[in-house]
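Heads up, my_file-v3.cif below (mmCIF, C-alpha atoms):
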```
data_coords
#
loop_
_atom_site.label_atom_id
_atom_site.label_comp_id
_atom_site.auth_asym_id
_atom_site.auth_seq_id
_atom_site.Cartn_x
_atom_site.Cartn_y
_atom_site.Cartn_z
CA MET A 1184 2.01 12.11 -12.40
CA THR A 1185 1.37 15.25 -10.42
CA ASN A 1186 2.32 15.51 -6.79
CA ALA A 1187 -0.33 15.13 -4.11
CA PRO A 1188 -2.02 18.45 -3.35
CA ALA A 1189 -0.32 20.68 -0.82
CA ALA A 1190 -3.46 20.58 1.34
CA ALA A 1191 -3.17 16.80 1.76
CA VAL A 1192 -1.09 16.98 4.92
CA GLY A 1193 -1.45 16.11 8.58
CA ARG A 1194 -3.58 13.23 9.74
CA THR A 1195 -6.24 13.43 7.05
CA PRO A 1196 -4.45 11.28 4.42
CA PHE A 1197 -3.96 8.50 6.97
CA LEU A 1198 -7.59 8.69 8.08
CA MET A 1199 -8.70 8.42 4.45
CA LEU A 1200 -6.27 5.55 3.89
CA GLY A 1201 -7.61 3.74 6.96
CA LEU A 1202 -11.25 4.13 5.95
CA ALA A 1203 -10.50 3.08 2.38
CA THR A 1204 -8.63 -0.01 3.58
CA LEU A 1205 -11.50 -0.89 5.91
CA GLY A 1206 -14.00 -0.55 3.06
CA PHE A 1207 -11.83 -2.73 0.84
CA ALA A 1208 -11.61 -5.41 3.54
CA LEU A 1209 -15.35 -5.44 4.28
CA ASN A 1210 -16.34 -5.64 0.63
CA PHE A 1211 -13.80 -8.40 0.02
CA TRP A 1212 -15.25 -10.24 3.02
CA ALA A 1213 -18.60 -10.17 1.23
CA TRP A 1214 -17.01 -11.06 -2.11
CA ALA A 1215 -15.48 -14.25 -0.65
CA LEU A 1216 -18.49 -15.56 1.27
CA LEU A 1217 -19.20 -18.42 -1.14
CA SER A 1218 -15.68 -19.89 -1.20
CA PRO A 1219 -15.57 -21.42 2.33
CA LEU A 1220 -19.05 -22.85 1.78
CA GLY A 1221 -18.18 -24.45 -1.56
CA PRO A 1222 -17.62 -27.94 -0.03
CA ARG A 1223 -20.90 -27.63 1.89
CA TYR A 1224 -22.85 -26.73 -1.24
CA LYS A 1225 -21.14 -29.59 -3.08
CA GLU A 1226 -22.43 -32.02 -0.48
CA VAL A 1227 -25.90 -30.55 0.04
CA LEU A 1228 -26.69 -29.87 -3.62
CA GLY A 1229 -24.71 -32.77 -5.11
CA LEU A 1230 -22.41 -30.57 -7.17
CA SER A 1231 -19.55 -31.89 -9.29
CA ALA A 1232 -16.01 -30.58 -8.80
CA ALA A 1233 -16.42 -28.42 -11.91
CA GLN A 1234 -19.74 -26.98 -10.67
CA GLN A 1235 -18.19 -26.18 -7.29
CA ALA A 1236 -15.30 -24.42 -9.01
CA LEU A 1237 -17.72 -22.45 -11.20
CA LEU A 1238 -19.73 -21.39 -8.14
CA VAL A 1239 -16.75 -19.80 -6.40
CA ALA A 1240 -15.35 -18.37 -9.64
CA VAL A 1241 -18.45 -16.44 -10.82
CA PRO A 1242 -18.15 -13.59 -8.27
CA VAL A 1243 -14.47 -13.33 -9.18
CA ILE A 1244 -15.02 -12.76 -12.90
CA VAL A 1245 -17.91 -10.34 -12.37
CA GLY A 1246 -15.97 -8.37 -9.78
CA SER A 1247 -12.98 -8.33 -12.08
CA LEU A 1248 -14.69 -7.12 -15.24
CA GLY A 1249 -16.75 -4.67 -13.22
CA ARG A 1250 -13.57 -2.88 -12.16
CA ILE A 1251 -13.18 -1.46 -15.66
CA PRO A 1252 -16.25 0.83 -15.59
CA VAL A 1253 -15.96 1.38 -11.82
CA GLY A 1254 -12.36 2.60 -12.16
CA ALA A 1255 -13.37 5.02 -14.90
CA LEU A 1256 -16.33 6.25 -12.82
CA THR A 1257 -13.98 6.82 -9.86
CA ASP A 1258 -11.78 9.05 -12.03
CA ARG A 1259 -14.90 11.12 -12.66
CA PHE A 1260 -16.85 11.05 -9.38
CA GLY A 1261 -14.20 10.18 -6.77
CA GLY A 1262 -13.99 7.65 -3.99
CA ARG A 1263 -16.16 9.73 -1.69
CA VAL A 1264 -19.16 8.77 -3.83
CA MET A 1265 -18.08 5.35 -5.07
CA PHE A 1266 -17.08 3.70 -1.77
CA PRO A 1267 -20.51 4.01 -0.11
CA LEU A 1268 -22.27 3.28 -3.41
CA ILE A 1269 -20.45 -0.04 -3.97
CA SER A 1270 -20.87 -1.05 -0.32
CA ALA A 1271 -24.62 -0.34 -0.36
CA ALA A 1272 -25.13 -2.15 -3.67
CA THR A 1273 -23.36 -5.25 -2.33
CA ILE A 1274 -25.91 -5.60 0.47
CA VAL A 1275 -28.61 -6.73 -1.99
CA PRO A 1276 -26.95 -9.95 -3.26
CA VAL A 1277 -25.59 -10.73 0.21
CA LEU A 1278 -29.13 -10.68 1.63
CA PHE A 1279 -30.53 -12.60 -1.33
CA ILE A 1280 -28.05 -15.46 -0.92
CA GLY A 1281 -28.49 -15.53 2.85
CA VAL A 1282 -32.28 -15.52 2.85
CA ALA A 1283 -33.35 -17.27 -0.36
CA GLY A 1284 -30.41 -18.14 -2.58
CA GLN A 1285 -29.00 -21.38 -1.14
CA THR A 1286 -31.63 -23.79 -2.40
CA SER A 1287 -30.20 -24.53 -5.85
CA LEU A 1288 -27.12 -24.08 -8.00
CA ALA A 1289 -29.00 -21.65 -10.25
CA ALA A 1290 -29.94 -19.42 -7.31
CA LEU A 1291 -26.38 -19.47 -5.97
CA LEU A 1292 -24.97 -18.58 -9.38
CA ALA A 1293 -27.43 -15.69 -9.72
CA GLY A 1294 -26.56 -14.40 -6.26
CA GLY A 1295 -22.86 -14.93 -6.88
CA PHE A 1296 -23.08 -12.95 -10.12
CA PHE A 1297 -24.30 -9.82 -8.34
CA LEU A 1298 -22.05 -10.51 -5.37
CA GLY A 1299 -19.25 -9.72 -7.80
CA ILE A 1300 -20.11 -6.02 -7.31
CA ALA A 1301 -18.12 -6.16 -4.07
CA GLY A 1302 -14.96 -7.08 -5.95
CA THR A 1303 -15.02 -3.84 -7.94
CA VAL A 1304 -14.18 -1.77 -4.86
CA PHE A 1305 -10.47 -2.20 -5.51
CA ALA A 1306 -10.73 0.07 -8.55
CA VAL A 1307 -12.19 2.76 -6.27
CA GLY A 1308 -9.48 2.63 -3.63
CA VAL A 1309 -6.29 2.88 -5.70
CA PRO A 1310 -7.02 6.26 -7.36
CA PHE A 1311 -8.59 7.53 -4.12
CA VAL A 1312 -5.48 6.69 -2.05
CA THR A 1313 -3.02 7.72 -4.77
CA ALA A 1314 -4.42 11.27 -4.80
CA TRP A 1315 -3.77 11.68 -1.06
CA PHE A 1316 -0.03 10.83 -1.08
CA PRO A 1317 3.11 12.14 -2.83
CA PRO A 1318 4.85 9.87 -5.38
CA ASP A 1319 7.61 8.71 -3.04
CA ARG A 1320 5.06 7.35 -0.53
CA ARG A 1321 2.45 5.92 -2.86
CA GLY A 1322 3.94 2.43 -2.98
CA LEU A 1323 3.57 1.95 0.77
CA ALA A 1324 0.18 3.69 0.89
CA ILE A 1325 -1.28 1.56 -1.88
CA GLY A 1326 0.34 -1.51 -0.34
CA ILE A 1327 -1.40 -0.77 2.95
CA PHE A 1328 -4.68 -0.26 1.12
CA GLY A 1329 -4.11 -3.50 -0.74
CA ALA A 1330 -3.88 -5.32 2.58
CA GLY A 1331 -7.64 -4.94 2.64
CA MET A 1332 -7.71 -8.03 0.46
CA GLY A 1333 -7.40 -9.77 3.83
CA GLY A 1334 -11.18 -9.46 3.99
CA THR A 1335 -11.13 -12.88 2.36
CA ALA A 1336 -9.43 -14.17 5.52
CA ILE A 1337 -12.34 -12.88 7.61
CA SER A 1338 -14.63 -14.95 5.46
CA ALA A 1339 -12.39 -18.02 5.69
CA LEU A 1340 -12.14 -17.83 9.47
CA THR A 1341 -15.76 -17.06 10.29
CA THR A 1342 -18.17 -18.27 7.60
CA VAL A 1343 -18.20 -22.01 8.30
CA ASN A 1344 -18.31 -21.51 12.07
CA LEU A 1345 -21.14 -18.99 11.80
CA VAL A 1346 -23.17 -21.41 9.70
CA LYS A 1347 -22.64 -24.14 12.29
CA ALA A 1348 -23.53 -21.82 15.16
CA GLY A 1349 -26.49 -19.90 13.75
CA GLY A 1350 -27.62 -21.44 10.48
CA ALA A 1351 -26.99 -20.98 6.78
CA ALA A 1352 -28.13 -17.33 6.69
CA THR A 1353 -26.06 -16.08 9.64
CA PRO A 1354 -22.78 -15.02 7.95
CA PHE A 1355 -24.70 -13.26 5.18
CA LEU A 1356 -26.92 -11.32 7.56
CA ILE A 1357 -23.95 -10.20 9.67
CA THR A 1358 -22.02 -9.11 6.59
CA ALA A 1359 -25.00 -7.13 5.29
CA VAL A 1360 -25.30 -5.22 8.57
CA VAL A 1361 -21.59 -4.42 8.63
CA LEU A 1362 -21.67 -3.19 5.04
CA ALA A 1363 -24.65 -0.95 5.82
CA VAL A 1364 -22.84 0.64 8.76
CA TYR A 1365 -19.72 1.19 6.66
CA ALA A 1366 -21.70 2.75 3.79
CA VAL A 1367 -23.16 5.33 6.17
CA VAL A 1368 -19.79 6.10 7.81
CA ALA A 1369 -18.06 6.37 4.42
CA TRP A 1370 -20.68 8.80 3.14
CA LEU A 1371 -20.31 10.99 6.21
CA VAL A 1372 -16.51 10.90 6.67
CA LEU A 1373 -14.72 10.15 3.41
CA ARG A 1374 -13.44 13.09 1.38
CA ASP A 1375 -11.56 13.19 -1.91
CA ALA A 1376 -8.10 14.76 -1.88
CA PRO A 1377 -8.13 18.54 -2.32
CA GLY A 1378 -7.38 19.50 -5.91
CA ARG A 1379 -7.46 15.91 -7.20
CA THR A 1380 -7.32 15.57 -10.97
CA VAL A 1381 -10.88 15.03 -12.21
CA ALA A 1382 -11.39 13.25 -15.52
CA THR A 1383 -13.72 15.30 -17.74
CA ALA A 1384 -13.41 13.59 -21.13
CA PRO A 1385 -16.17 11.18 -22.21
CA LEU A 1386 -15.87 7.66 -20.82
CA ALA A 1387 -15.24 6.04 -24.21
CA ALA A 1388 -12.46 8.48 -25.05
CA ARG A 1389 -10.80 7.97 -21.66
CA MET A 1390 -10.93 4.20 -21.97
CA ALA A 1391 -9.46 4.35 -25.49
CA ALA A 1392 -6.61 6.55 -24.26
CA THR A 1393 -6.01 4.21 -21.32
CA LEU A 1394 -5.80 1.20 -23.61
CA ARG A 1395 -3.06 2.91 -25.59
CA LEU A 1396 -0.82 3.33 -22.54
CA PRO A 1397 2.00 0.74 -22.41
CA ILE A 1398 1.79 0.63 -18.59
CA THR A 1399 -1.79 -0.63 -18.88
CA TRP A 1400 -0.89 -3.81 -20.71
CA GLN A 1401 2.35 -4.43 -18.87
CA ALA A 1402 0.70 -4.10 -15.47
CA CYS A 1403 -2.22 -6.25 -16.63
CA VAL A 1404 0.10 -9.17 -17.27
CA LEU A 1405 2.01 -8.69 -14.01
CA TYR A 1406 -1.15 -8.42 -11.94
CA ALA A 1407 -2.89 -11.31 -13.69
CA VAL A 1408 -0.14 -13.59 -12.37
CA ALA A 1409 0.54 -11.97 -8.98
CA PHE A 1410 -2.92 -11.06 -7.76
CA GLY A 1411 -4.60 -13.64 -9.96
CA GLY A 1412 -2.54 -16.33 -8.28
CA TYR A 1413 -3.54 -15.01 -4.87
CA VAL A 1414 -7.24 -14.95 -5.77
CA ALA A 1415 -7.09 -18.42 -7.30
CA PHE A 1416 -5.56 -19.93 -4.17
CA SER A 1417 -7.79 -17.96 -1.82
CA VAL A 1418 -10.95 -19.34 -3.47
CA TYR A 1419 -9.75 -22.83 -4.39
CA LEU A 1420 -7.24 -23.76 -1.69
CA PRO A 1421 -9.86 -25.30 0.65
CA ALA A 1422 -11.03 -27.65 -2.12
CA TYR A 1423 -7.42 -28.39 -3.08
CA LEU A 1424 -6.43 -29.29 0.47
CA GLN A 1425 -9.52 -31.41 1.01
CA SER A 1426 -9.22 -33.32 -2.26
CA GLY A 1427 -5.44 -33.49 -2.51
CA TYR A 1428 -4.52 -34.00 1.15
CA GLY A 1429 -7.74 -35.26 2.76
CA LEU A 1430 -8.11 -32.39 5.26
CA GLU A 1431 -11.36 -31.62 7.02
CA GLN A 1432 -13.34 -28.58 5.84
CA ALA A 1433 -12.56 -26.43 8.89
CA ASP A 1434 -8.86 -27.36 8.84
CA ALA A 1435 -8.62 -26.51 5.14
CA SER A 1436 -10.33 -23.15 5.73
CA TYR A 1437 -7.93 -22.25 8.55
CA ARG A 1438 -4.92 -23.09 6.40
CA MET A 1439 -6.34 -20.99 3.58
CA ALA A 1440 -6.72 -18.14 6.06
CA GLY A 1441 -3.03 -18.49 6.93
CA PHE A 1442 -2.14 -18.29 3.25
CA VAL A 1443 -4.28 -15.18 2.83
CA GLY A 1444 -2.94 -13.57 6.00
CA LEU A 1445 0.67 -13.91 4.90
CA ALA A 1446 -0.12 -12.55 1.43
CA VAL A 1447 -1.92 -9.60 3.03
CA LEU A 1448 1.08 -8.77 5.23
CA ALA A 1449 3.45 -9.07 2.28
CA ARG A 1450 1.52 -6.64 0.09
CA PRO A 1451 2.49 -3.45 2.00
CA ALA A 1452 6.03 -4.82 2.20
CA GLY A 1453 6.09 -5.07 -1.59
CA GLY A 1454 4.92 -1.47 -1.89
CA TRP A 1455 7.43 -0.27 0.72
CA LEU A 1456 10.31 -2.02 -1.01
CA SER A 1457 9.18 -0.56 -4.33
CA ASP A 1458 9.40 2.97 -2.88
CA ARG A 1459 13.04 2.27 -1.98
CA VAL A 1460 14.55 0.06 -4.68
CA GLY A 1461 11.95 0.40 -7.42
CA PRO A 1462 9.05 -1.86 -8.46
CA VAL A 1463 10.96 -3.74 -11.18
CA PRO A 1464 13.61 -5.33 -8.90
CA VAL A 1465 10.87 -6.36 -6.48
CA LEU A 1466 8.79 -7.91 -9.25
CA THR A 1467 11.83 -9.73 -10.60
CA GLY A 1468 12.46 -11.40 -7.26
CA VAL A 1469 8.76 -12.17 -6.78
CA PHE A 1470 8.29 -14.05 -10.02
CA ALA A 1471 11.54 -15.96 -9.57
CA VAL A 1472 10.28 -17.21 -6.20
CA ILE A 1473 6.88 -18.17 -7.64
CA VAL A 1474 8.56 -20.21 -10.38
CA MET A 1475 10.56 -22.20 -7.84
CA MET A 1476 7.77 -22.79 -5.33
CA ALA A 1477 5.14 -23.70 -7.93
CA ALA A 1478 7.59 -26.20 -9.43
CA VAL A 1479 8.14 -27.75 -6.00
CA GLN A 1480 4.40 -28.03 -5.31
CA ALA A 1481 3.78 -29.50 -8.76
CA LEU A 1482 5.55 -32.61 -7.48
CA THR A 1483 2.84 -32.91 -4.77
CA PRO A 1484 5.16 -33.20 -1.77
CA GLY A 1485 3.90 -34.01 1.70
CA LEU A 1486 1.97 -31.18 3.30
CA MET A 1487 4.34 -31.07 6.27
CA PRO A 1488 6.77 -29.47 5.95
CA VAL A 1489 7.56 -29.08 2.23
CA GLY A 1490 4.05 -28.37 0.93
CA THR A 1491 3.34 -25.88 3.69
CA ILE A 1492 6.65 -24.06 3.10
CA ALA A 1493 6.00 -23.93 -0.65
CA PHE A 1494 2.50 -22.52 -0.25
CA LEU A 1495 3.43 -19.94 2.39
CA THR A 1496 6.44 -18.77 0.38
CA MET A 1497 4.19 -18.39 -2.66
CA ALA A 1498 1.71 -16.46 -0.54
CA ALA A 1499 4.38 -13.96 0.47
CA ALA A 1500 5.62 -13.61 -3.11
CA LEU A 1501 2.13 -13.16 -4.56
CA GLY A 1502 1.28 -10.52 -1.96
CA ALA A 1503 4.52 -8.59 -2.50
CA GLY A 1504 4.07 -8.80 -6.27
CA SER A 1505 0.55 -7.39 -6.03
CA GLY A 1506 1.84 -4.43 -4.02
CA ALA A 1507 4.77 -3.83 -6.35
CA THR A 1508 2.56 -3.89 -9.45
CA PHE A 1509 0.45 -0.99 -8.23
CA ALA A 1510 3.49 0.86 -6.99
CA LEU A 1511 4.54 0.73 -10.64
CA VAL A 1512 1.11 1.96 -11.76
CA ALA A 1513 1.16 4.82 -9.23
CA GLN A 1514 4.56 5.95 -10.50
CA VAL A 1515 3.91 5.72 -14.23
CA ALA A 1516 0.17 6.17 -14.97
CA PRO A 1517 -1.12 9.71 -15.73
CA ALA A 1518 -2.93 11.28 -12.76
CA ASP A 1519 -6.30 11.57 -14.51
CA LYS A 1520 -6.19 7.93 -15.66
CA VAL A 1521 -5.13 6.11 -12.49
CA GLY A 1522 -8.68 4.84 -11.94
CA SER A 1523 -9.07 3.71 -15.53
CA VAL A 1524 -5.69 1.95 -15.52
CA THR A 1525 -6.49 0.43 -12.14
CA GLY A 1526 -9.82 -0.84 -13.45
CA LEU A 1527 -8.23 -2.62 -16.39
CA VAL A 1528 -5.31 -3.96 -14.37
CA GLY A 1529 -7.61 -5.02 -11.55
CA ALA A 1530 -9.81 -6.81 -14.07
CA ALA A 1531 -6.79 -8.66 -15.39
CA GLY A 1532 -5.89 -9.70 -11.85
CA GLY A 1533 -9.37 -10.98 -11.19
CA LEU A 1534 -9.50 -12.82 -14.51
CA GLY A 1535 -6.15 -14.31 -13.62
CA GLY A 1536 -7.90 -15.71 -10.56
CA PHE A 1537 -10.95 -16.90 -12.49
CA VAL A 1538 -9.31 -19.37 -14.84
CA PRO A 1539 -7.10 -21.42 -12.45
CA PRO A 1540 -9.91 -22.74 -10.20
CA LEU A 1541 -11.82 -23.97 -13.24
CA LEU A 1542 -8.65 -25.45 -14.72
CA MET A 1543 -7.64 -27.08 -11.44
CA GLY A 1544 -11.09 -28.61 -11.04
CA PHE A 1545 -10.98 -29.98 -14.59
CA ILE A 1546 -7.45 -31.35 -14.23
CA TYR A 1547 -8.23 -33.04 -10.93
CA GLY A 1548 -11.40 -34.53 -12.39
CA GLU A 1549 -9.46 -35.96 -15.34
CA LEU A 1550 -6.16 -36.95 -13.73
CA GLY A 1551 -6.90 -37.21 -10.00
CA SER A 1552 -3.93 -34.89 -9.33
CA TYR A 1553 -3.26 -31.15 -9.21
CA GLY A 1554 0.38 -31.49 -10.29
CA LEU A 1555 -0.15 -30.38 -13.88
CA GLY A 1556 -2.00 -27.26 -12.74
CA LEU A 1557 0.89 -26.21 -10.48
CA GLY A 1558 3.32 -26.93 -13.28
CA LEU A 1559 1.41 -24.57 -15.56
CA LEU A 1560 1.65 -21.88 -12.87
CA ALA A 1561 5.45 -22.30 -12.81
CA VAL A 1562 5.65 -21.93 -16.59
CA THR A 1563 3.38 -18.85 -16.56
CA ALA A 1564 5.44 -17.21 -13.81
CA ALA A 1565 8.64 -17.90 -15.77
CA ALA A 1566 7.21 -16.15 -18.83
CA THR A 1567 6.16 -13.19 -16.66
CA LEU A 1568 9.65 -13.03 -15.17
CA ALA A 1569 11.08 -12.76 -18.68
CA LEU A 1570 8.65 -9.93 -19.48
CA THR A 1571 9.63 -8.11 -16.28
CA VAL A 1572 13.38 -8.13 -16.89
CA THR A 1573 13.03 -7.03 -20.52
CA ILE A 1574 10.04 -4.92 -21.61
CA VAL A 1575 8.87 -3.70 -18.21
CA ARG A 1576 12.38 -2.79 -17.06
CA SER A 1577 13.04 -0.83 -20.27
CA ALA A 1578 9.72 1.01 -20.03
CA ALA A 1579 10.34 1.95 -16.39
CA ALA A 1580 13.80 3.25 -17.27
CA ARG A 1581 12.38 5.41 -20.07
CA HIS A 1582 9.81 6.87 -17.70
CA ARG A 1583 12.48 7.75 -15.11
CA THR A 1584 14.53 9.46 -17.82
CA ALA A 1585 11.53 11.45 -19.05
CA GLU A 1586 10.67 12.54 -15.50
CA ALA A 1587 14.25 13.65 -14.83
CA MET A 1588 14.21 15.83 -17.96
CA ARG A 1589 11.08 17.73 -16.92
#
```

Take the structure in the file and give it back as structure tokens.
Amino acid sequence: MTNAPAAAVGRTPFLMLGLATLGFALNFWAWALLSPLGPRYKEVLGLSAAQQALLVAVPVIVGSLGRIPVGALTDRFGGRVMFPLISAATIVPVLFIGVAGQTSLAALLAGGFFLGIAGTVFAVGVPFVTAWFPPDRRGLAIGIFGAGMGGTAISALTTVNLVKAGGAATPFLITAVVLAVYAVVAWLVLRDAPGRTVATAPLAARMAATLRLPITWQACVLYAVAFGGYVAFSVYLPAYLQSGYGLEQADASYRMAGFVGLAVLARPAGGWLSDRVGPVPVLTGVFAVIVMMAAVQALTPGLMPVGTIAFLTMAAALGAGSGATFALVAQVAPADKVGSVTGLVGAAGGLGGFVPPLLMGFIYGELGSYGLGLGLLAVTAAATLALTVTIVRSAAARHRTAEAMR
């Protein structure tokens, strides 16, 4: 990858990083609006556990797959255009759900489908931030940007209370106003890095070239487990805690917010550690921890203290792993394909978060326990750990050797 442009100095990169992180957080707030209300919709609309899981999973899969074209478009048009565009487009489904879309499952699914637009913003931010920072600081910078995933915590902490205080439309109306303000500010203030590498090849050719890169597939697997695990817990943890441990809706939402908050804090730490010791050692430790904690939780221990410790430790590991994965991408991916790689890897992460809620809902419906689902997570993390210490480690070493010879 090329170094950040010489003009990208002073306070400007940090201002751009701050605005990008804010945009990420606000769009993720919108993206996660349906999750805290899942139990409410289940009760009001008489949904089954599987229907509730589908409702919260639809925005995840749309936002995930949408990152593929959005990442490629960001390589071409830059974050200065794409950040306000995504934010403005998200306002439409947010208003639809708030005003008219809560009367039936079909309406919620339609609104949730287009709400997935908000989840594509991640594929805008990574190439935008990467272009503003030199290689030895990209891990931390992208980790800080990734902390914007804490927007889901805003939703967890506020949505249910806002509905109780002001009615079913209140959180959606507030979110729409905030997104509109951000879209205007982003259009006026955001700037792409001077001299950034602009992709000029046709979209199909760029995507084909991106698919041939080994880093694309390796990072897809890593992110599907690390970020996918985070997304899965962030959308399904309230239902898990209510069904598995009998917690009240508000209590479950607060605990989910704690899980999200810790993962958010750990993500920059994963990027920072990757700048210093390399992404592969960080990822190795992360997946080892996930294996152990998922295995512990598969036994369904008491929530206090063992279950809480297991979940919070997993939260930290999943957050750090998400940061380390994109530190690896920032180091290895070609400069003109960072957005395209990010789109594919981000899609894999989102898809990794789409399947577990559906699977957990099905398993609980059939067995009355979530133990098998957590056991499958432990097995998946173990396989990813094996991939990290073999293929990924070898590929990273080859890249370092090639860079040293230039």

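All protein and nucleic acid residues in the vicinity of (-11.1, -11.0, -10.4), that is within 8 Å when counting only C-alpha atoms, are A:Pro1242, A:Val1243, A:Ile1244, A:Val1245, A:Gly1246, A:Ser1247, A:Leu1248, A:Gly1302, A:Gly1411, A:Val1414, A:Gly1529, A:Ala1530, A:Ala1531, A:Gly1532, A:Gly1533, A:Leu1534, A:Gly1535, A:Gly1536, A:Phe1537.
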
**Request:** Return the single residue from A:Gly1221, A:Pro1539, A:Gly1299, A:Gly1441 that is closest to Ala1407 in chain A, with distances computed using all atoms listed in the file.
**Result:** A:Pro1539

**Message:** Just want the 8 Å neighbourhood of Ala1306 in chain A, counted on all atoms listed in the file, with same-chain residues fewer than 6 positions away dropped. Output as number ranges by chain.
**Reply:** A: 1250-1251, 1253-1254, 1257, 1522, 1525-1526, 1529

**Asked** CA of Phe1328 in chain A and CA of Val1277 in chain A, how far apart in Å?
**Response** 23.4 Å

Any chance you could tabulate, as CSV, the residues of range 1473-1550 of chain A at most 9 Å from range 1576-1582 of chain A with each one's nearest atom pair and distance in Å to one decimal, using all atoms listed in the file, in chain and rising number order?
```
residue,atom,partner,partner_atom,distance
A:Leu1511,CA,A:Ala1579,CA,8.3
A:Gln1514,CA,A:His1582,CA,9.0
A:Val1515,CA,A:His1582,CA,6.9
```

**Prompt:** So which one's closest to Thr1399 in chain A, A:Arg1194, A:Lys1520, A:Arg1374, A:Arg1459? Using all atoms listed in the file, please.
**Reply:**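 Distance minimum relative to Thr1399 in chain A lands on A:Lys1520.
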
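Closest approach to Val1562 in chain A from the set A:Val1304, A:Ala1391, A:Cys1403, A:Ile1473 is made by A:Ile1473, with distances taken over only C-alpha atoms.
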
**Prompt:** Given the file above and the PyMOL selection byres ((chain A and resi 1211) around 7), which residues are selected, and can you give them as an MDAnalysis selection string?
**Reply:** chainID A and resid 1207:1210 1212:1215 1301:1302 1332 1334:1335

**Message:** Need to verify the contact set: Ala1351 in chain A, 9 Å, all atoms listed in the file, exclusion of same-chain residues closer than 6 positions in sequence. Can you return it as a PyMOL selection string?
**Reply:** chain A and resi 1281-1282+1285+1343+1345

**Asked** What is the distance, in Å and to one decimal place, between CA of Leu1340 in chain A and CA of Tyr1437 in chain A?
**Response**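 Answer for the CA of Leu1340 in chain A to CA of Tyr1437 in chain A separation: 6.2 Å.
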
**Item:** Residue neighbourhood Ser1436 in chain A, 8 Å, only C-alpha atoms, exclusion window fewer than 4 positions, as a list in words
**Value:** Pro1219, Ala1339, Leu1340, Pro1421, Gln1432 and Ala1440 of chain A

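Residue membership of the PyMOL selection byres ((chain A and resi 1317-1327) around 6) in the shown file amounts to Asn1186, Ala1187, Phe1316, Phe1328, Gly1329, Ala1330, Arg1450, Pro1451, Gly1454, Trp1455, Asp1458, Gly1506 and Ala1510 of chain A.
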
**Message:** So the first atom is CA of Ser1287 in chain A and the second is CA of Gly1412 in chain A; what is the distance between them in Å, to one decimal place?
**Reply:** 29.0 Å

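Comparing the minimum interatomic distances between Gly1453 in chain A and each of A:Ala1409, A:Ala1493, A:Val1361, A:Ala1569, counting only C-alpha atoms, we find that A:Ala1409 sits nearest.
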